[in-house]
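Okay, so here's the structure we're looking at.
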Amino acid sequence: MNINFKYILLPLFAAMLLCNEGKTQEQLSLRERAKLKYDSYDYAQAIPAYLKLVDVKVPRMADIEKLAYCYTHINDYEAAENWFSRLVTYPESKNENLLAYGAVLKSNFRYKEAKKVFETYAQKTGDGKKVLNEIIGCDSAQVWLSKPTAHVIKNEALVNTENSEFSLFPITGNAYYTGEAETKESVNISGRTGHSYLRIFKADRVENSTLSLPTLDVASYNNGSYHIGPIVSNKAGDMLFVSRTYVGKKDSEIEIVGKRKFRTNNIELYIYTAKDGKWEMKPFAYNNVSAYSLGQASLSQDEKTLYFSSDMPGSLGGTDIWYSILQSDGNWSKPENAGKSVNTSGNEMFPSIGVDGVLYYSSNGLPGMGGLDLFVTQGERNSWTKPVNLHYPINSPGDDFAFIKTSLPSADLGTGYLSSNRKGGKGGDDIYSFGNQKPKIILALKGISFNKTTGAILPLTDVTLLTEERRLVGKQLTADSGKYFFELDRNMNYTLLGQKARYYSDSATVTTVGLTKSDTLEVNLYLQPLFVVGTKIEIKNIHYNFDKDNIRPDAAKILDETVRIMRDNPTLEIEMGSHTDSRGSDIYNIDLSQRRAQSAVNYLVSRGIERSRMKAKGYGETQLLNRCKNGLACSIAEHQANRRTEFKIVKY
């Protein structure tokens with residue numbers, strides 16, 4: 001979720017200017033073309049150009065900086081971390097880059113490393129206050145990850161798409177939410193996001209909170225040229241509060257970025273009242289599109305107080321939670337700030353009063369896991385208790401927002417929905433349901449981390465448990481005993497990953513599919529030391545298409561672990577060796593393996609590793625692992641054993 005409250009819209013009047021840009025691009029240098037894409041928010045197209053610019057013996061710091069931020073903007077935080085790790089080594093790198101680097105590390109669940117970066121910022125600038133919440137958040141997040149709450153989080157996959165869906169609200173038996181509609185018409189595309197403008201969708205909602213059968217809402221409040229949503233209602237469902245944006249006409253609302261013109265528009269709140277089978281619309285009395293945004297509304301349980309987000313004058317930070325009181329004449333009072341107990345110098349957004357009558361909202365101005373975190377506080381209007389972070393797994397290193405509690409069972413956690421762009425989702429922002437249903441059987445995973453070479457227990461190992469979709473389940477730092485323990489869900493496939501500096505990682509797959517009785521699975525991890533020159537480590541499951549040397553997507557995911565090893569051990573130099581089986585001529589196999597090894601090196605370079613630290617070597621069939629030499633009949637499995645990629649330590 002973009003935490004900037006304003007939507008930036010690309011109007012039609014810029015079309016001619018953009019066409020003229022296209023005609024002149026052929027005369028621009030590669031760096032100028034890259035910058036043009038960057039300034040136009042076309043980060044995905046800027047990346048290939050910057051990758052060429054940095055793949056030189058002495059790359060410019062400014063090019064590395066742009067590349068790091070490009071990856072941040074497209075939410076590829078793994079690649080962003082690699083480039084920021086290089087960027088901050090330059091003496092002339094701006095201190096603000098440390099803040100961005102720390103935020104990226106948090107997005108990758110690397111809280112220990114993020115804390116060190118924030119502490120470095122404090123030491124270099126003397127401004128420890130600026131990063132105090134970040135440092136506290138790093139410490140807290142590690143505790144929350146090791147002791148998650150009992151919430152069961154489920155991605156509502158039947159309504160989520162590759163685009164964004166968020167801010168679900170139940171109205172008269174249905175579920176309404178905001179999303180990006182599929183469209184091929186350029187007139188309906190936002191110039192800033194590259195996706196369609198937001199609209200309101202409707203879905204069926206069954207007893208266990210599962211959403212299905214999504215459709216674009218055809219009601220009149222969904223008609224408009226630009227962004228529409230989120231939407232909330234009163235209990236009766238006959239009064240709606242809808243956030244919308246419109247195109248302004250004042251020159252002061254035009255933003256020029258590079259050579260492109262964008263029109264900046266604020267959010268407005270509109271109230272729709274049902275009358276004679278139609279919706280009557282009127283603007284909220286305190287909209288002021290030329291001065292500020294106002295939207296994301298929620299009603300109190302007695303429906304006499306309207307809470308909303310705004311950056312109007314009097315806000316303590318970027319955006320604050322405000323409220324307005326319903327008067328006896330049916331009008332709403334002048335907005336008042338919800339106060340310092342709720343609002344901070346950061347952004348507070350998406351207020352929600354659930355069935356329990358307490359206030360839930362998102363903030364990036366309090367200690368949290370990263371991005372927007374969800375908080376809860378009790379009270380009303382401008383009198384609130386100290387906000388409490390909702391912890392993991394409600395919160396994540398991404399943006400977590402639009403929390404709504406829809407039922408209060410006997411357990412305290414209740415059920416409801418939240419929105420998040422956390423890892424493992426289907427698109428940009430996704431809708432998740434939550435509950436605390438206790439499993440009928442109890443499943444767990446335990447194990448110990450070992451030094452693969454010596455067999456000794458390996459303490460202080462970072463052990464991560466991920467779902468098949470790469471969603472984080474939990475993360476632990478083993479103690480001196482090297483032991484780890486995770487609770488598991490039924491009918492799930494997991495990946496267990498052990499990582500430690502100066503060691504090559506180990507991973508294993510774990511499944512609970514088919515288990516019908518309570519059980520504790522046991523899987524140990526074996527990490528190989530990296531500081532022995534000449535050590536060879538096979539990178540398993542690196543497959544190439546027949547007679548091809550390009551890196552397939554499945555191989556790229558495996559090579560990303562090698563990228564991490566190289567990034568976290570900056571003095572390490574390696575040889576990337578590729579081997580073939582004996583089929584084909586000797587000369588051909590040498591050439592093919594060299595091309596494959598070079599492709600692996602090129603991939604690591606594209607992910608931020610200096611080319612000077614790596615050597616590509618094709619061995620062909622000269623180092624077979626078994627008897628399968630030329631002319632001997634062997635099985636497919638025997639030939640496969642010889643087709644491998646190896647990571648050899650050259651210097652440490």
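Labeling convention for the structure tokens: chains A, B, ... as they appear, residues from 1 per chain, ligands from 1 in order of appearance.
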Which residues are near segment 50-59 of chain A? Cut-off 12 Å, only C-alpha atoms, ignore same chain within fewer than 4 positions. Put them as a ChimeraX atom specification. /A:29-38,43-46,63-71,79,83,86-87,90,601-613
Taking the DSSP secondary structure from the backbone, can you list the residues of segment 47-120 of chain A that are helix (DSSP H, G or I), as a PyMOL selection string? chain A and resi 47-54+61-73+77-87+96-107+111-120
Need the shell around segment 139-143 of chain A: protein/DNA/RNA residues with any atom at most 9 Å away, counting only C-alpha atoms. Skip same-chain ones fewer than 2 positions apart. Format as a list in words?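 Answer for this query is Phe109, Tyr111, Lys112, Lys115, Glu134, Ile135, Ile136, Gly137, Leu145, Ser146, Lys147, Pro148, Pro367, Gly368, Met369, Gly370, His391, Tyr392, Ser396, Pro397, Lys475, Gln476 and Leu477 of chain A.
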Skip Ala597 of chain A itself and residues of its chain fewer than 3 positions away, then list as a list in words all residues within 9 Å of it, counting only C-alpha atoms.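 Here the qualifying residues turn out to be Asp549, Met576, Gly577, Ser578, His579, Leu592, Ser593, Gln594, Ala600, Val601, Asn602, Lys615, Ala616, Lys617, Gly618 and Thr645 of chain A.
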Excluding Glu561 of chain A and its own-chain neighbours fewer than 2 positions away, which residues fall within 10 Å of it when counting only C-alpha atoms? Please give them as a tab-separated table (two decimals) with C-alpha atoms, in the first residue's frame.
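Written file, part18.tsv:
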```
chain	number	residue	atom	x	y	z
A	499	GLN	CA	21.36	-19.48	7.75
A	504	TYR	CA	26.58	-22.12	3.42
A	505	SER	CA	22.90	-22.44	4.19
A	506	ASP	CA	20.91	-25.65	4.42
A	539	ILE	CA	24.21	-26.13	-5.78
A	556	ALA	CA	17.09	-18.35	-10.30
A	557	LYS	CA	15.33	-18.99	-6.98
A	558	ILE	CA	18.04	-21.48	-6.01
A	559	LEU	CA	20.87	-19.18	-7.11
A	563	VAL	CA	23.60	-14.33	-3.93
A	564	ARG	CA	22.83	-14.04	-0.22
A	565	ILE	CA	26.01	-15.92	0.70
A	566	MET	CA	28.10	-13.58	-1.46
A	567	ARG	CA	26.32	-10.48	-0.13
```
Using atom CA of Gly447 of chain A and atom CA of Arg490 of chain A as the two end points, give the distance in Å to one decimal.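 Taking atom CA of Gly447 of chain A and atom CA of Arg490 of chain A, their separation equals 19.0 Å.
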Segment 49-258 of chain A: which residues are strand (DSSP E or B) by DSSP, as an MDAnalysis selection string? chainID A and resid 152:155 165:171 174:180 189 196 198:205 211:216 228:233 239:245 254:257
Atoms kept (C-alpha atoms) for selection, written as a PDB file, in the first residue's frame:
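again.pdb, written as the output of this step:
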```
ATOM      1  CA  VAL A 152      -4.787 -18.040  11.907  1.00  0.00           C
ATOM      2  CA  ILE A 153      -4.239 -15.878   8.798  1.00  0.00           C
ATOM      3  CA  LYS A 154      -5.693 -16.952   5.452  1.00  0.00           C
ATOM      4  CA  ASN A 155      -5.245 -15.314   2.071  1.00  0.00           C
ATOM      5  CA  GLU A 165      -7.451  -5.633  -3.305  1.00  0.00           C
ATOM      6  CA  PHE A 166      -7.922  -4.089   0.136  1.00  0.00           C
ATOM      7  CA  SER A 167     -10.243  -2.501   2.735  1.00  0.00           C
ATOM      8  CA  LEU A 168     -13.001  -5.082   3.031  1.00  0.00           C
ATOM      9  CA  PHE A 169     -16.223  -4.031   4.769  1.00  0.00           C
ATOM     10  CA  PRO A 170     -19.344  -6.214   5.277  1.00  0.00           C
ATOM     11  CA  ILE A 171     -22.643  -4.537   4.282  1.00  0.00           C
ATOM     12  CA  ASN A 174     -22.193  -9.093   1.397  1.00  0.00           C
ATOM     13  CA  ALA A 175     -18.542  -8.097   1.501  1.00  0.00           C
ATOM     14  CA  TYR A 176     -17.439  -4.913  -0.245  1.00  0.00           C
ATOM     15  CA  TYR A 177     -13.837  -4.048  -0.940  1.00  0.00           C
ATOM     16  CA  THR A 178     -11.616  -1.795  -3.044  1.00  0.00           C
ATOM     17  CA  GLY A 179      -9.583  -3.139  -5.949  1.00  0.00           C
ATOM     18  CA  GLU A 180      -7.982  -2.517  -9.315  1.00  0.00           C
ATOM     19  CA  ILE A 189      -5.149   3.531 -16.284  1.00  0.00           C
ATOM     20  CA  SER A 196      -6.544   0.680 -13.489  1.00  0.00           C
ATOM     21  CA  LEU A 198      -9.641   1.812  -7.958  1.00  0.00           C
ATOM     22  CA  ARG A 199     -13.233   0.612  -7.907  1.00  0.00           C
ATOM     23  CA  ILE A 200     -15.573  -1.048  -5.404  1.00  0.00           C
ATOM     24  CA  PHE A 201     -16.141  -4.799  -5.689  1.00  0.00           C
ATOM     25  CA  LYS A 202     -18.677  -7.081  -4.052  1.00  0.00           C
ATOM     26  CA  ALA A 203     -18.211 -10.704  -2.935  1.00  0.00           C
ATOM     27  CA  ASP A 204     -20.140 -13.430  -1.167  1.00  0.00           C
ATOM     28  CA  ARG A 205     -19.177 -14.098   2.430  1.00  0.00           C
ATOM     29  CA  LEU A 211     -14.920 -14.780   0.352  1.00  0.00           C
ATOM     30  CA  SER A 212     -15.983 -15.909  -3.118  1.00  0.00           C
ATOM     31  CA  LEU A 213     -17.678 -14.864  -6.377  1.00  0.00           C
ATOM     32  CA  PRO A 214     -16.221 -11.357  -6.699  1.00  0.00           C
ATOM     33  CA  THR A 215     -17.946  -8.928  -9.066  1.00  0.00           C
ATOM     34  CA  LEU A 216     -17.520  -5.275  -9.927  1.00  0.00           C
ATOM     35  CA  ILE A 228     -13.232   5.184  -5.905  1.00  0.00           C
ATOM     36  CA  GLY A 229     -12.984   3.492  -2.483  1.00  0.00           C
ATOM     37  CA  PRO A 230     -12.731   2.443   0.279  1.00  0.00           C
ATOM     38  CA  ILE A 231     -16.403   2.158   1.277  1.00  0.00           C
ATOM     39  CA  VAL A 232     -18.062   1.722   4.714  1.00  0.00           C
ATOM     40  CA  SER A 233     -21.657   1.950   5.888  1.00  0.00           C
ATOM     41  CA  MET A 239     -25.854   5.298   4.498  1.00  0.00           C
ATOM     42  CA  LEU A 240     -22.473   4.890   2.813  1.00  0.00           C
ATOM     43  CA  PHE A 241     -19.193   6.756   3.228  1.00  0.00           C
ATOM     44  CA  VAL A 242     -17.075   6.534   0.075  1.00  0.00           C
ATOM     45  CA  SER A 243     -13.583   7.927  -0.543  1.00  0.00           C
ATOM     46  CA  ARG A 244     -13.048   9.311  -4.061  1.00  0.00           C
ATOM     47  CA  THR A 245     -10.595  11.396  -6.076  1.00  0.00           C
ATOM     48  CA  ILE A 254       0.229  20.043 -11.473  1.00  0.00           C
ATOM     49  CA  GLU A 255       3.426  18.241 -10.538  1.00  0.00           C
ATOM     50  CA  ILE A 256       6.303  18.149 -13.049  1.00  0.00           C
ATOM     51  CA  VAL A 257       8.647  15.188 -12.647  1.00  0.00           C
TER      52      VAL A 257
END
```
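Of the listed residues (A:Ser635, A:Ser362, A:Thr377, A:Asn266), A:Thr377 comes nearest to Ser341 of chain A; the distances count only C-alpha atoms.
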Neighbours of segment 286-303 of chain A within 6 Å (only C-alpha atoms; same-chain residues fewer than 2 positions away dropped), as a list in words?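 Non-adjacent residues within range: Ser243, Asn266, Ile267, Glu268, Leu269, Phe284, Thr305, Leu306, Tyr307, Phe308, Ser309, Ser310, Asp311, Met312, Phe350, Ser352 and Ile353 of chain A.
The closest residue to Val523 of chain A, picked from A:Ile551, A:Leu445, A:Cys138, A:Ile574 and counting only C-alpha atoms, is A:Leu445.
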Restricting the calculation to only C-alpha atoms: of A:Pro335, A:Gly414, A:Pro459, A:Gly398, which residue gets closest to Asp430 of chain A? A:Gly398
